[in-house]
Amino acid sequence: MKLDIIYTYFNQKEYTKEMLLYIDNYIDKEFLKNIAFTIVDDNSDYPLMDYLPDLNNLNLKIYRTDFDGYNPGGGYNLACLKAETNIIANLDMDMVIYNNFVERLLSITPTDEYYYRFYLERATKMDFRLGKIYYKKCGYHGLTTKTTRVKYLHDERFSGNWGYHGVFMMDCMLHGGIKELYIEDQRVIMPPRVYLNKVLLDRNSADEYRKHETAGETPNLIREKNANKPLYDKLLKELKDGTYESYNPLNFNYELVYKNF
């Protein structure tokens with residue numbers, strides 16, 4: 001079976017470089033030959049092409065957009081519409097994948113009526129004295145057919161502000177009769193802390209609205225969900241009333257800047 005794995009990227013410069021080298025070197029080559037990786041560089045201040053490492057085993061393509069502000073939903077829409085295969089897995093750049101997880105993904109042959117949601121957990125607290133890590137389940141990421149994923153694209157009216165694009169996409173899927181299945185035998189763990197350029201980016205910041213730690217020169221990147229909440233309530237009501245009309249995707253310019261296969 002062949003599979004597309006899709007990431008969106010925004011200014012996670014050194015972390016993304018290390019992630020690509022890790023996958024290239026440590027994920028089984030027999031798995032990698034069946035996977036097309038796509039990264040959408042979402043108009044980052046540090047274009048991924050400026051420091052793309054030499055890769056030997058990854059089938060990789062990179063798109064770059066010109067959207068000014070938050071646009072993860074649009075980035076995923078672009079990659080899904082341009083997917084090479086009919087099986088798509090969506091991930092974020094801070095989700096470390098392992099061989100057993102990749103093997104599990106490749107073992108699934110999804111059908112159009114199911115959304116195989118990753119059992120995604122964020123490590124929220126570590127107690128070194130007890131040797132215990134505390135988790136909470138989060139995220140909308142999963143595996144599905146391209147047919148289903150393109151039918152239920154993110155509504156890009158959420159773009160420009162943070163949040164609710166993934167929640168509403170799942171609402172649309174469930175409303176449309178898509179059944180949700182968790183891949184519970186393989187968990188994906190998101191760490192509470194990430195190091196970029198040897199600098200600790202603490203995810204547990206006490207800042208009320210947590211400005212994106214890698215925002216660079218891009219303005220207004222505040223992770224404050226209240227801006228999108230009224231839109232979410234409005235569209236959810238329309239969905240339930242049967243009056244919702246999907247929004248045309250890809251409301252930005254983009255180009256394919258790299259493809260090695």
# chains A, B, ... in the order shown; residues from 1 in each chain; ligands from 1
>>> residues_around(residues="A:Gln186", least_positions_apart="2", cutoff="12 Å", atoms="only C-alpha atoms", output="VMD selection string")
chain A and resid 97 to 105 116 to 121 142 182 to 184 188 to 189
>>> write_last_selection(atoms="N, CA and C atoms", output="short mmCIF file (atom, residue, chain, number, x, y, z; two decimals), in the first residue's frame")
data_model
loop_
_atom_site.label_atom_id
_atom_site.label_comp_id
_atom_site.auth_asym_id
_atom_site.auth_seq_id
_atom_site.Cartn_x
_atom_site.Cartn_y
_atom_site.Cartn_z
N ILE A 97 7.38 10.45 14.63
CA ILE A 97 6.85 9.15 14.23
C ILE A 97 7.94 8.09 14.36
N TYR A 98 7.50 6.86 14.60
CA TYR A 98 8.41 5.74 14.79
C TYR A 98 8.05 4.63 13.81
N ASN A 99 8.96 3.67 13.67
CA ASN A 99 8.75 2.60 12.70
C ASN A 99 7.47 1.81 12.95
N ASN A 100 7.16 1.54 14.21
CA ASN A 100 5.95 0.75 14.47
C ASN A 100 4.69 1.53 14.09
N PHE A 101 4.71 2.86 14.27
CA PHE A 101 3.58 3.69 13.88
C PHE A 101 3.44 3.73 12.36
N VAL A 102 4.55 3.90 11.67
CA VAL A 102 4.52 3.94 10.20
C VAL A 102 4.05 2.59 9.65
N GLU A 103 4.55 1.52 10.22
CA GLU A 103 4.13 0.19 9.77
C GLU A 103 2.63 0.00 9.97
N ARG A 104 2.11 0.51 11.09
CA ARG A 104 0.68 0.39 11.36
C ARG A 104 -0.12 1.18 10.33
N LEU A 105 0.31 2.39 10.00
CA LEU A 105 -0.38 3.18 8.99
C LEU A 105 -0.42 2.45 7.65
N TYR A 116 -9.78 7.39 10.35
CA TYR A 116 -8.96 6.70 11.34
C TYR A 116 -8.16 7.75 12.10
N ARG A 117 -8.67 8.11 13.25
CA ARG A 117 -8.08 9.21 14.01
C ARG A 117 -6.91 8.71 14.86
N PHE A 118 -5.83 9.46 14.84
CA PHE A 118 -4.67 9.07 15.64
C PHE A 118 -4.98 9.21 17.12
N TYR A 119 -4.49 8.27 17.89
CA TYR A 119 -4.62 8.35 19.34
C TYR A 119 -3.53 9.30 19.82
N LEU A 120 -3.83 10.59 19.70
CA LEU A 120 -2.83 11.65 19.89
C LEU A 120 -2.88 12.17 21.31
N GLU A 121 -1.75 12.10 22.00
CA GLU A 121 -1.68 12.57 23.38
C GLU A 121 -0.55 13.57 23.55
N GLY A 142 -5.41 12.44 11.55
CA GLY A 142 -5.79 11.07 11.29
C GLY A 142 -5.46 10.62 9.88
N TYR A 182 -10.47 5.27 16.33
CA TYR A 182 -9.16 5.61 16.87
C TYR A 182 -8.17 4.47 16.61
N ILE A 183 -6.97 4.84 16.20
CA ILE A 183 -5.88 3.86 16.08
C ILE A 183 -5.25 3.78 17.46
N GLU A 184 -5.84 2.99 18.33
CA GLU A 184 -5.46 3.02 19.73
C GLU A 184 -4.21 2.20 20.04
N VAL A 188 0.48 8.55 19.36
CA VAL A 188 1.41 9.60 18.94
C VAL A 188 1.55 10.56 20.11
N ILE A 189 2.77 10.78 20.55
CA ILE A 189 3.01 11.64 21.70
C ILE A 189 3.61 12.97 21.24
#
>>> select_by_dssp(residues="stretch 25-256 of chain A", states="strand (DSSP E or B)", output="JSON, numbers by chain")
{"A": [35, 36, 37, 38, 39, 40, 41, 59, 60, 61, 62, 63, 64, 65, 87, 88, 89, 90, 91, 92, 114, 115, 116, 117, 118, 119, 120, 121, 122, 123, 124, 125, 126, 127, 132, 133, 134, 135, 136, 137, 142, 143, 144, 145, 179, 180, 181, 182, 183, 184, 185, 186, 187, 188, 189, 190, 193, 194, 195, 196, 199, 200, 201, 202, 211, 222, 254, 255, 256]}
>>> residues_around(residues="A:Leu256", least_positions_apart="2", cutoff="9 Å", atoms="only C-alpha atoms", output="ChimeraX atom specification")
/A:61-64,254,258-259
>>> write_last_selection(atoms="all heavy atoms", output="short mmCIF file (atom, residue, chain, number, x, y, z; two decimals), in the first residue's frame")
data_model
loop_
_atom_site.label_atom_id
_atom_site.label_comp_id
_atom_site.auth_asym_id
_atom_site.auth_seq_id
_atom_site.Cartn_x
_atom_site.Cartn_y
_atom_site.Cartn_z
N LYS A 61 8.06 16.44 -1.35
CA LYS A 61 7.76 17.65 -2.11
C LYS A 61 7.36 18.74 -1.14
O LYS A 61 6.83 18.47 -0.05
CB LYS A 61 6.69 17.40 -3.17
CG LYS A 61 5.36 16.94 -2.67
CD LYS A 61 4.40 16.75 -3.87
CE LYS A 61 3.03 16.29 -3.40
NZ LYS A 61 2.09 16.15 -4.52
N ILE A 62 7.63 19.99 -1.54
CA ILE A 62 7.40 21.14 -0.68
C ILE A 62 6.64 22.20 -1.47
O ILE A 62 7.05 22.57 -2.59
CB ILE A 62 8.72 21.73 -0.16
CG1 ILE A 62 9.50 20.69 0.64
CG2 ILE A 62 8.47 22.98 0.69
CD1 ILE A 62 10.92 21.12 1.00
N TYR A 63 5.54 22.68 -0.91
CA TYR A 63 4.82 23.82 -1.45
C TYR A 63 5.05 25.02 -0.53
O TYR A 63 5.23 24.85 0.67
CB TYR A 63 3.31 23.54 -1.51
CG TYR A 63 2.91 22.50 -2.52
CD1 TYR A 63 2.82 21.16 -2.17
CD2 TYR A 63 2.62 22.86 -3.84
CE1 TYR A 63 2.45 20.20 -3.09
CE2 TYR A 63 2.24 21.91 -4.77
CZ TYR A 63 2.15 20.58 -4.40
OH TYR A 63 1.79 19.63 -5.31
N ARG A 64 5.03 26.20 -1.11
CA ARG A 64 5.13 27.42 -0.32
C ARG A 64 3.96 28.34 -0.66
O ARG A 64 3.64 28.53 -1.85
CB ARG A 64 6.45 28.14 -0.54
CG ARG A 64 6.60 29.41 0.32
CD ARG A 64 8.01 29.96 0.31
NE ARG A 64 8.08 31.30 0.87
CZ ARG A 64 8.19 31.59 2.16
NH1 ARG A 64 8.24 30.60 3.05
NH2 ARG A 64 8.25 32.82 2.58
N TYR A 254 0.24 29.88 -4.24
CA TYR A 254 1.18 28.85 -3.80
C TYR A 254 1.99 28.39 -4.99
O TYR A 254 1.61 28.59 -6.16
CB TYR A 254 0.43 27.67 -3.17
CG TYR A 254 -0.50 26.96 -4.13
CD1 TYR A 254 -0.05 25.91 -4.94
CD2 TYR A 254 -1.83 27.35 -4.26
CE1 TYR A 254 -0.90 25.28 -5.83
CE2 TYR A 254 -2.68 26.73 -5.14
CZ TYR A 254 -2.21 25.69 -5.93
OH TYR A 254 -3.05 25.08 -6.83
N TYR A 258 9.77 22.32 -4.52
CA TYR A 258 10.71 21.20 -4.45
C TYR A 258 9.97 19.89 -4.65
O TYR A 258 8.88 19.70 -4.11
CB TYR A 258 11.42 21.19 -3.10
CG TYR A 258 12.41 20.04 -2.91
CD1 TYR A 258 13.69 20.14 -3.43
CD2 TYR A 258 12.04 18.88 -2.23
CE1 TYR A 258 14.61 19.10 -3.27
CE2 TYR A 258 12.95 17.85 -2.07
CZ TYR A 258 14.23 17.96 -2.58
OH TYR A 258 15.12 16.94 -2.41
N LYS A 259 10.55 19.01 -5.45
CA LYS A 259 10.04 17.65 -5.57
C LYS A 259 11.20 16.77 -6.03
O LYS A 259 11.86 17.08 -7.03
CB LYS A 259 8.89 17.57 -6.58
CG LYS A 259 8.25 16.18 -6.66
CD LYS A 259 7.04 16.17 -7.57
CE LYS A 259 6.40 14.78 -7.61
NZ LYS A 259 5.19 14.74 -8.48
#
>>> atom_distance(atom1="atom CA of A:Ser246", atom2="atom CA of A:Leu231")
13.3 Å
>>> select_by_dssp(residues="stretch 3-248 of chain A", states="helix (DSSP H, G or I)", output="ChimeraX atom specification")
/A:13-26,29-32,48-51,72-81,99-107,146-151,156-158,165-175,225-227,229-241
>>> residues_around(residues="A:Lys146", least_positions_apart="5", cutoff="6 Å", atoms="only C-alpha atoms", output="VMD selection string")
chain A and resid 86 to 88
>>> write_last_selection(atoms="all heavy atoms", output="JSON list (two decimals), in the first residue's frame")
[["chain", "number", "residue", "atom", "x", "y", "z"],
["A", 86, "ASN", "N", -4.22, 7.79, -2.81],
["A", 86, "ASN", "CA", -5.58, 7.94, -2.30],
["A", 86, "ASN", "C", -5.66, 7.67, -0.80],
["A", 86, "ASN", "O", -6.74, 7.51, -0.25],
["A", 86, "ASN", "CB", -6.56, 7.01, -3.03],
["A", 86, "ASN", "CG", -8.01, 7.37, -2.74],
["A", 86, "ASN", "OD1", -8.39, 8.54, -2.71],
["A", 86, "ASN", "ND2", -8.84, 6.35, -2.48],
["A", 87, "ILE", "N", -4.52, 7.64, -0.12],
["A", 87, "ILE", "CA", -4.50, 7.45, 1.33],
["A", 87, "ILE", "C", -3.65, 8.56, 1.94],
["A", 87, "ILE", "O", -2.49, 8.74, 1.57],
["A", 87, "ILE", "CB", -3.96, 6.06, 1.71],
["A", 87, "ILE", "CG1", -4.81, 4.97, 1.05],
["A", 87, "ILE", "CG2", -3.95, 5.88, 3.23],
["A", 87, "ILE", "CD1", -4.29, 3.57, 1.26],
["A", 88, "ILE", "N", -4.23, 9.29, 2.88],
["A", 88, "ILE", "CA", -3.59, 10.50, 3.40],
["A", 88, "ILE", "C", -3.54, 10.46, 4.92],
["A", 88, "ILE", "O", -4.53, 10.14, 5.58],
["A", 88, "ILE", "CB", -4.38, 11.76, 2.98],
["A", 88, "ILE", "CG1", -4.35, 11.93, 1.45],
["A", 88, "ILE", "CG2", -3.83, 13.01, 3.65],
["A", 88, "ILE", "CD1", -5.23, 13.06, 0.95]]
>>> atom_distance(atom1="atom CA of A:Thr147", atom2="atom CA of A:Leu106")
17.6 Å
>>> closest_residue(among="A:Asp171, A:Phe261, A:Asp185, A:Tyr135", to="A:Leu236", atoms="only C-alpha atoms")
A:Asp171
